[in-house]
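What's in protein03.pdb: PDB, C-alpha atoms
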ATOM      1  CA  MET S   1      -2.573   5.290   7.649
ATOM      2  CA  SER S   2      -2.329   5.946  11.353
ATOM      3  CA  THR S   3       1.071   6.237  12.835
ATOM      4  CA  VAL S   4       2.293   3.891  15.506
ATOM      5  CA  SER S   5       2.357   5.635  18.866
ATOM      6  CA  ALA S   6       2.651   4.754  22.501
ATOM      7  CA  GLU S   7      -0.384   5.165  24.709
ATOM      8  CA  SER S   8      -0.385   4.990  28.489
ATOM      9  CA  ALA S   9      -2.707   5.489  31.386
ATOM     10  CA  GLU S  10      -1.322   8.989  31.845
ATOM     11  CA  SER S  11      -2.276  10.035  28.313
ATOM     12  CA  ALA S  12      -5.649   8.335  28.352
ATOM     13  CA  GLU S  13      -8.892   9.654  29.730
ATOM     14  CA  PRO S  14      -9.147   9.116  33.507
ATOM     15  CA  ALA S  15     -11.787   6.930  35.077
ATOM     16  CA  ARG S  16     -14.993   8.702  35.983
ATOM     17  CA  SER S  17     -15.800   6.767  39.141
ATOM     18  CA  GLY S  18     -13.531   8.874  41.343
ATOM     19  CA  ALA S  19     -12.081   5.743  42.940
ATOM     20  CA  PRO S  20      -8.298   5.463  42.778
ATOM     21  CA  GLU S  21      -7.055   2.975  40.227
ATOM     22  CA  LYS S  22      -3.872   1.021  39.954
ATOM     23  CA  PRO S  23      -1.654   2.256  37.122
ATOM     24  CA  LEU S  24      -2.579   0.808  33.767
ATOM     25  CA  PRO S  25      -0.039  -0.915  31.558
ATOM     26  CA  VAL S  26       1.444   0.836  28.567
ATOM     27  CA  VAL S  27      -0.068  -0.336  25.288
ATOM     28  CA  ARG S  28       0.633   0.451  21.652
ATOM     29  CA  LEU S  29      -1.824   0.395  18.802
ATOM     30  CA  ARG S  30      -0.915  -0.109  15.157
ATOM     31  CA  VAL S  31      -2.831  -0.622  11.952
ATOM     32  CA  PRO S  32      -3.058  -4.406  11.454
ATOM     33  CA  THR S  33      -0.713  -5.951   8.915
ATOM     34  CA  GLU S  34      -1.371  -8.962   6.729
ATOM     35  CA  GLU S  35       0.782 -10.993   9.143
ATOM     36  CA  ASP S  36      -1.414  -9.925  12.064
ATOM     37  CA  ALA S  37      -4.220 -12.098  10.695
ATOM     38  CA  TYR S  38      -2.140 -15.155  11.606
ATOM     39  CA  VAL S  39      -1.123 -13.728  14.971
ATOM     40  CA  TRP S  40      -4.727 -12.854  15.865
ATOM     41  CA  HIS S  41      -5.748 -16.367  14.848
ATOM     42  CA  ARG S  42      -3.115 -17.807  17.182
ATOM     43  CA  VAL S  43      -3.769 -15.569  20.227
ATOM     44  CA  PHE S  44      -7.553 -16.032  19.962
ATOM     45  CA  ASP S  45      -7.322 -19.825  19.579
ATOM     46  CA  ASP S  46      -8.768 -20.309  23.055
ATOM     47  CA  PRO S  47     -12.339 -21.278  23.987
ATOM     48  CA  ASP S  48     -12.298 -18.797  26.906
ATOM     49  CA  VAL S  49     -11.385 -15.921  24.581
ATOM     50  CA  MET S  50     -14.061 -16.949  22.087
ATOM     51  CA  GLU S  51     -16.804 -17.695  24.643
ATOM     52  CA  PHE S  52     -18.816 -14.602  23.659
ATOM     53  CA  HIS S  53     -17.704 -14.569  20.008
ATOM     54  CA  GLY S  54     -19.238 -17.732  18.655
ATOM     55  CA  GLY S  55     -17.742 -20.135  21.190
ATOM     56  CA  ARG S  56     -14.971 -21.518  19.024
ATOM     57  CA  PRO S  57     -11.930 -20.110  17.228
ATOM     58  CA  ALA S  58     -12.479 -18.656  13.784
ATOM     59  CA  GLU S  59     -10.647 -19.806  10.680
ATOM     60  CA  VAL S  60      -7.585 -17.810   9.661
ATOM     61  CA  SER S  61      -9.498 -16.586   6.572
ATOM     62  CA  VAL S  62     -11.840 -14.679   8.914
ATOM     63  CA  TYR S  63      -8.869 -12.785  10.330
ATOM     64  CA  GLU S  64      -7.390 -12.215   6.857
ATOM     65  CA  GLU S  65     -10.636 -10.513   5.793
ATOM     66  CA  LEU S  66     -10.912  -8.637   9.104
ATOM     67  CA  THR S  67      -7.384  -7.215   8.996
ATOM     68  CA  ALA S  68      -7.841  -6.168   5.348
ATOM     69  CA  ARG S  69     -11.132  -4.415   6.210
ATOM     70  CA  GLN S  70      -9.461  -2.655   9.140
ATOM     71  CA  ARG S  71      -6.649  -1.309   6.961
ATOM     72  CA  LYS S  72      -9.325   0.126   4.664
ATOM     73  CA  HIS S  73     -11.229   1.667   7.624
ATOM     74  CA  ASP S  74      -8.052   3.312   8.875
ATOM     75  CA  ALA S  75      -7.213   4.737   5.442
ATOM     76  CA  GLU S  76     -10.756   6.064   4.943
ATOM     77  CA  ARG S  77     -11.767   7.073   8.477
ATOM     78  CA  GLY S  78      -8.607   7.427  10.550
ATOM     79  CA  PHE S  79      -9.583   4.626  12.919
ATOM     80  CA  CYS S  80     -10.045   0.872  12.871
ATOM     81  CA  LEU S  81      -9.592  -2.208  15.022
ATOM     82  CA  TRP S  82      -5.887  -1.808  15.718
ATOM     83  CA  THR S  83      -3.436  -4.515  16.629
ATOM     84  CA  LEU S  84      -2.784  -4.229  20.354
ATOM     85  CA  LEU S  85       0.786  -4.608  21.599
ATOM     86  CA  ASP S  86       2.010  -4.764  25.181
ATOM     87  CA  GLU S  87       5.032  -2.985  26.641
ATOM     88  CA  ASP S  88       7.317  -5.643  25.090
ATOM     89  CA  ASP S  89       5.769  -5.115  21.614
ATOM     90  CA  THR S  90       4.110  -8.526  21.773
ATOM     91  CA  VAL S  91       0.770  -8.757  19.952
ATOM     92  CA  ILE S  92      -1.853  -9.457  22.611
ATOM     93  CA  GLY S  93      -5.048  -8.831  20.654
ATOM     94  CA  PHE S  94      -6.916  -5.959  19.089
ATOM     95  CA  THR S  95      -8.818  -2.870  20.128
ATOM     96  CA  GLY S  96     -10.370   0.020  18.306
ATOM     97  CA  ALA S  97     -13.472   1.219  16.559
ATOM     98  CA  GLN S  98     -15.331   0.487  13.377
ATOM     99  CA  PRO S  99     -18.748   1.184  11.896
ATOM    100  CA  TRP S 100     -21.312  -1.287  13.225
ATOM    101  CA  PRO S 101     -21.097  -4.076  10.628
ATOM    102  CA  LEU S 102     -24.788  -5.032  10.315
ATOM    103  CA  ASP S 103     -27.585  -3.103   8.624
ATOM    104  CA  ASP S 104     -30.539  -5.076   9.961
ATOM    105  CA  TRP S 105     -29.823  -5.507  13.684
ATOM    106  CA  GLY S 106     -28.128  -3.621  16.499
ATOM    107  CA  PRO S 107     -26.931  -0.018  16.590
ATOM    108  CA  VAL S 108     -27.097   0.527  12.823
ATOM    109  CA  GLY S 109     -25.114   3.566  11.701
ATOM    110  CA  GLU S 110     -23.128   3.846  14.945
ATOM    111  CA  ILE S 111     -19.398   3.564  15.593
ATOM    112  CA  GLU S 112     -18.658   0.597  17.838
ATOM    113  CA  ILE S 113     -15.593   0.289  20.029
ATOM    114  CA  GLY S 114     -14.302  -3.089  21.083
ATOM    115  CA  TRP S 115     -11.412  -5.129  22.336
ATOM    116  CA  ARG S 116     -10.309  -8.747  22.413
ATOM    117  CA  LEU S 117      -7.252  -9.959  24.286
ATOM    118  CA  ALA S 118      -5.236 -13.138  24.614
ATOM    119  CA  ARG S 119      -6.248 -15.015  27.761
ATOM    120  CA  THR S 120      -2.756 -14.575  29.245
ATOM    121  CA  HIS S 121      -3.316 -10.807  29.426
ATOM    122  CA  TRP S 122      -6.727 -10.757  31.127
ATOM    123  CA  GLY S 123      -7.169  -9.062  34.486
ATOM    124  CA  ARG S 124      -4.118  -6.808  34.205
ATOM    125  CA  GLY S 125      -5.661  -3.573  32.879
ATOM    126  CA  TYR S 126      -4.798  -4.021  29.205
ATOM    127  CA  ALA S 127      -8.401  -3.843  27.968
ATOM    128  CA  THR S 128      -9.068  -0.633  29.891
ATOM    129  CA  ALA S 129      -5.794   0.964  28.752
ATOM    130  CA  ALA S 130      -6.498  -0.056  25.151
ATOM    131  CA  ALA S 131     -10.101   1.178  25.252
ATOM    132  CA  ARG S 132      -9.003   4.550  26.652
ATOM    133  CA  ALA S 133      -6.423   4.871  23.881
ATOM    134  CA  THR S 134      -9.186   4.040  21.397
ATOM    135  CA  LEU S 135     -11.452   6.754  22.813
ATOM    136  CA  ALA S 136      -8.679   9.338  22.494
ATOM    137  CA  ARG S 137      -8.078   8.396  18.874
ATOM    138  CA  VAL S 138     -11.726   8.331  17.774
ATOM    139  CA  ARG S 139     -12.371  11.621  19.559
ATOM    140  CA  ALA S 140      -9.416  13.115  17.633
ATOM    141  CA  ALA S 141     -10.952  11.723  14.414
ATOM    142  CA  GLY S 142     -14.130  13.707  15.136
ATOM    143  CA  VAL S 143     -16.400  10.842  16.192
ATOM    144  CA  PRO S 144     -19.113  12.374  18.439
ATOM    145  CA  ARG S 145     -20.266   9.197  20.215
ATOM    146  CA  VAL S 146     -19.511   5.493  20.387
ATOM    147  CA  VAL S 147     -21.296   2.325  21.387
ATOM    148  CA  ALA S 148     -20.053  -0.969  22.770
ATOM    149  CA  MET S 149     -22.099  -4.108  22.232
ATOM    150  CA  VAL S 150     -21.537  -6.608  25.039
ATOM    151  CA  HIS S 151     -22.943 -10.032  25.850
ATOM    152  CA  PRO S 152     -24.548  -9.763  29.319
ATOM    153  CA  GLY S 153     -22.477 -12.699  30.582
ATOM    154  CA  ASN S 154     -19.228 -10.980  29.677
ATOM    155  CA  VAL S 155     -18.709  -9.307  33.047
ATOM    156  CA  ARG S 156     -15.124  -8.331  32.209
ATOM    157  CA  SER S 157     -16.215  -6.276  29.197
ATOM    158  CA  VAL S 158     -19.145  -4.786  31.101
ATOM    159  CA  ALA S 159     -16.633  -3.648  33.745
ATOM    160  CA  VAL S 160     -14.460  -2.019  31.055
ATOM    161  CA  THR S 161     -17.462  -0.066  29.722
ATOM    162  CA  GLU S 162     -18.150   1.142  33.266
ATOM    163  CA  ARG S 163     -14.526   2.243  33.741
ATOM    164  CA  LEU S 164     -14.854   4.221  30.494
ATOM    165  CA  GLY S 165     -17.944   6.008  31.796
ATOM    166  CA  MET S 166     -20.262   4.360  29.282
ATOM    167  CA  THR S 167     -23.910   3.865  30.193
ATOM    168  CA  LEU S 168     -26.327   1.152  29.179
ATOM    169  CA  SER S 169     -28.662   2.715  26.643
ATOM    170  CA  THR S 170     -30.624  -0.189  25.200
ATOM    171  CA  THR S 171     -30.675  -3.918  24.603
ATOM    172  CA  TYR S 172     -31.164  -5.878  21.412
ATOM    173  CA  PRO S 173     -32.800  -9.305  21.328
ATOM    174  CA  SER S 174     -30.311 -11.897  20.174
ATOM    175  CA  ALA S 175     -30.735 -15.128  18.258
ATOM    176  CA  LYS S 176     -30.240 -16.997  21.525
ATOM    177  CA  PRO S 177     -33.563 -16.939  23.436
ATOM    178  CA  GLY S 178     -33.418 -15.183  26.784
ATOM    179  CA  VAL S 179     -30.169 -13.335  26.032
ATOM    180  CA  ASP S 180     -30.302  -9.695  25.006
ATOM    181  CA  ALA S 181     -27.163  -7.932  23.779
ATOM    182  CA  LEU S 182     -26.300  -4.889  25.876
ATOM    183  CA  CYS S 183     -25.600  -1.626  24.064
ATOM    184  CA  PHE S 184     -23.521   0.891  26.037
ATOM    185  CA  ARG S 185     -23.057   4.477  24.779
ATOM    186  CA  LEU S 186     -20.642   7.289  25.424
ATOM    187  CA  GLU S 187     -20.865  10.862  24.171
ATOM    188  CA  LEU S 188     -17.355  12.023  23.323
ATOM    189  CA  GLY S 189     -18.051  15.750  23.143
ATOM    190  CA  ALA S 190     -15.965  18.286  21.319
TER     191      ALA S 190
END

Take the structure from the file and write it as structure tokens.
Amino acid sequence: MSTVSAESAESAEPARSGAPEKPLPVVRLRVPTEEDAYVWHRVFDDPDVMEFHGGRPAEVSVYEELTARQRKHDAERGFCLWTLLDEDDTVIGFTGAQPWPLDDWGPVGEIEIGWRLARTHWGRGYATAAARATLARVRAAGVPRVVAMVHPGNVRSVAVTERLGMTLSTTYPSAKPGVDALCFRLELGA
């Protein structure tokens, strides 16, 4: 299992835009516990948070399965969707990477990074700090490239991909007519 470690803006990859940024908050990532399924359920029980993830909160059983799968990913691959904690060690969501979960749509065979935060923590740099910590960890695990699948209406997540230096590589038609899922890529190098 991964160890729990502090990550900060100073230890994360800098932005590629060249524009000065405000300091990012300190975040910690840990392998999700069984209890985190209930915490994730609670912090994501918000229609704004779930707007681009089905529109309504998921049942706790979804998070029980998800946290169990992430523990397995971490044990087998050295990365997963980690529980995201703020500077006060409060669970504020998740971030991390996992193999793309579908075999008939999207970036099949790729490693996808992602993040989801409690509404109370939006707009404060947590998603960017968490995503940078994720990139450092997957790079250390030997992952050569990552993708991020983003709904085109999710301007906050699109902005995070841009701050990471990701580029739009393709789109995938979605089940909702007129909405194509955006697939951003980033080569991680050696």

Target residues per the PyMOL selection byres ((chain S and resi 116) around 10), formatted as a PDB file with C-alpha atoms, keeping the file's coordinate frame:
ATOM      1  CA  TRP S  40      -4.727 -12.854  15.865  1.00  0.00           C
ATOM      2  CA  VAL S  43      -3.769 -15.569  20.227  1.00  0.00           C
ATOM      3  CA  PHE S  44      -7.553 -16.032  19.962  1.00  0.00           C
ATOM      4  CA  VAL S  49     -11.385 -15.921  24.581  1.00  0.00           C
ATOM      5  CA  MET S  50     -14.061 -16.949  22.087  1.00  0.00           C
ATOM      6  CA  HIS S  53     -17.704 -14.569  20.008  1.00  0.00           C
ATOM      7  CA  LEU S  81      -9.592  -2.208  15.022  1.00  0.00           C
ATOM      8  CA  THR S  83      -3.436  -4.515  16.629  1.00  0.00           C
ATOM      9  CA  LEU S  84      -2.784  -4.229  20.354  1.00  0.00           C
ATOM     10  CA  ILE S  92      -1.853  -9.457  22.611  1.00  0.00           C
ATOM     11  CA  GLY S  93      -5.048  -8.831  20.654  1.00  0.00           C
ATOM     12  CA  PHE S  94      -6.916  -5.959  19.089  1.00  0.00           C
ATOM     13  CA  THR S  95      -8.818  -2.870  20.128  1.00  0.00           C
ATOM     14  CA  GLY S  96     -10.370   0.020  18.306  1.00  0.00           C
ATOM     15  CA  GLY S 114     -14.302  -3.089  21.083  1.00  0.00           C
ATOM     16  CA  TRP S 115     -11.412  -5.129  22.336  1.00  0.00           C
ATOM     17  CA  LEU S 117      -7.252  -9.959  24.286  1.00  0.00           C
ATOM     18  CA  ALA S 118      -5.236 -13.138  24.614  1.00  0.00           C
ATOM     19  CA  ARG S 119      -6.248 -15.015  27.761  1.00  0.00           C
ATOM     20  CA  TRP S 122      -6.727 -10.757  31.127  1.00  0.00           C
ATOM     21  CA  TYR S 126      -4.798  -4.021  29.205  1.00  0.00           C
ATOM     22  CA  ALA S 127      -8.401  -3.843  27.968  1.00  0.00           C
ATOM     23  CA  ALA S 130      -6.498  -0.056  25.151  1.00  0.00           C
ATOM     24  CA  SER S 157     -16.215  -6.276  29.197  1.00  0.00           C
TER      25      SER S 157
END

What gap, in Å, lies between CA of Met149 (chain S) and CA of Cys183 (chain S)?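 Going from CA of Met149 (chain S) over to CA of Cys183 (chain S) covers 4.7 Å.
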
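Residues matched by the PyMOL selection byres ((chain S and resi 140) around 12) in this file are Ser2, Arg77, Gly78, Phe79, Ala133, Thr134, Leu135, Ala136, Arg137, Val138, Arg139, Ala141, Gly142, Val143, Pro144, Arg145, Leu188, Gly189 and Ala190 of chain S.
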
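Note that the spacing between CA of Asp45 (chain S) and CA of Ala58 (chain S) amounts to 7.8 Å.
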
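Picked by the PyMOL selection byres ((chain S and resi 98) around 6) from the coordinates shown: Cys80, Ala97, Pro99, Ile111 and Glu112 of chain S.
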
Given the choices S:Ala131, S:Val62, S:Val146, S:Ala175, which gets closest to Trp100 (chain S) if the distance is worked out from all atoms listed in the file?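 So, comparing all the options, the nearest one is S:Val146.
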
So how far away is CA of Pro101 (chain S) from CA of Pro177 (chain S), in Å?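 About the pair CA of Pro177 (chain S) and CA of Pro101 (chain S): they are 22.0 Å apart.
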
Polymer residues at most 8 Å from Glu87 (chain S), only C-alpha atoms, same-chain spacing of 5 or more positions, as a VMD selection string: chain S and resid 25 to 28

Could you check the closest approach to Asp86 (chain S) for each of S:Arg69, S:Arg185, S:Arg156, S:His121 and tell me which residue wins, using only C-alpha atoms?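 Among the listed residues, the smallest separation from Asp86 (chain S) belongs to S:His121.
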
With 6 Å added on each side, what axis-aligned box encloses every listed atom of region 30-42 of chain S? Give the centre and edge lengths in Å to one decimal, as AutoDock Vina command-line options.
--center_x -2.5 --center_y -9.0 --center_z 12.0 --size_x 18.5 --size_y 29.7 --size_z 22.5

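Remark: for Ser174 (chain S), the closest of the candidate residues S:Gly55, S:Pro23, S:Gly106, S:Gly153 is S:Gly106 (distances computed over only C-alpha atoms).
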
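Nearest to Arg124 (chain S) of all the residues S:Val108, S:Met166, S:Val160, S:Leu182 is S:Val160, based on only C-alpha atoms.
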
Best match for closeness to Gly109 (chain S) among S:Val147, S:Trp82, S:His41, S:Val179, counting only C-alpha atoms: S:Val147

Top pick for closest residue to Lys72 (chain S), considering S:Pro173, S:Pro47, S:Pro32, S:Gly125 and counting only C-alpha atoms: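 With only C-alpha atoms as the atom set, the closest residue is S:Pro32.
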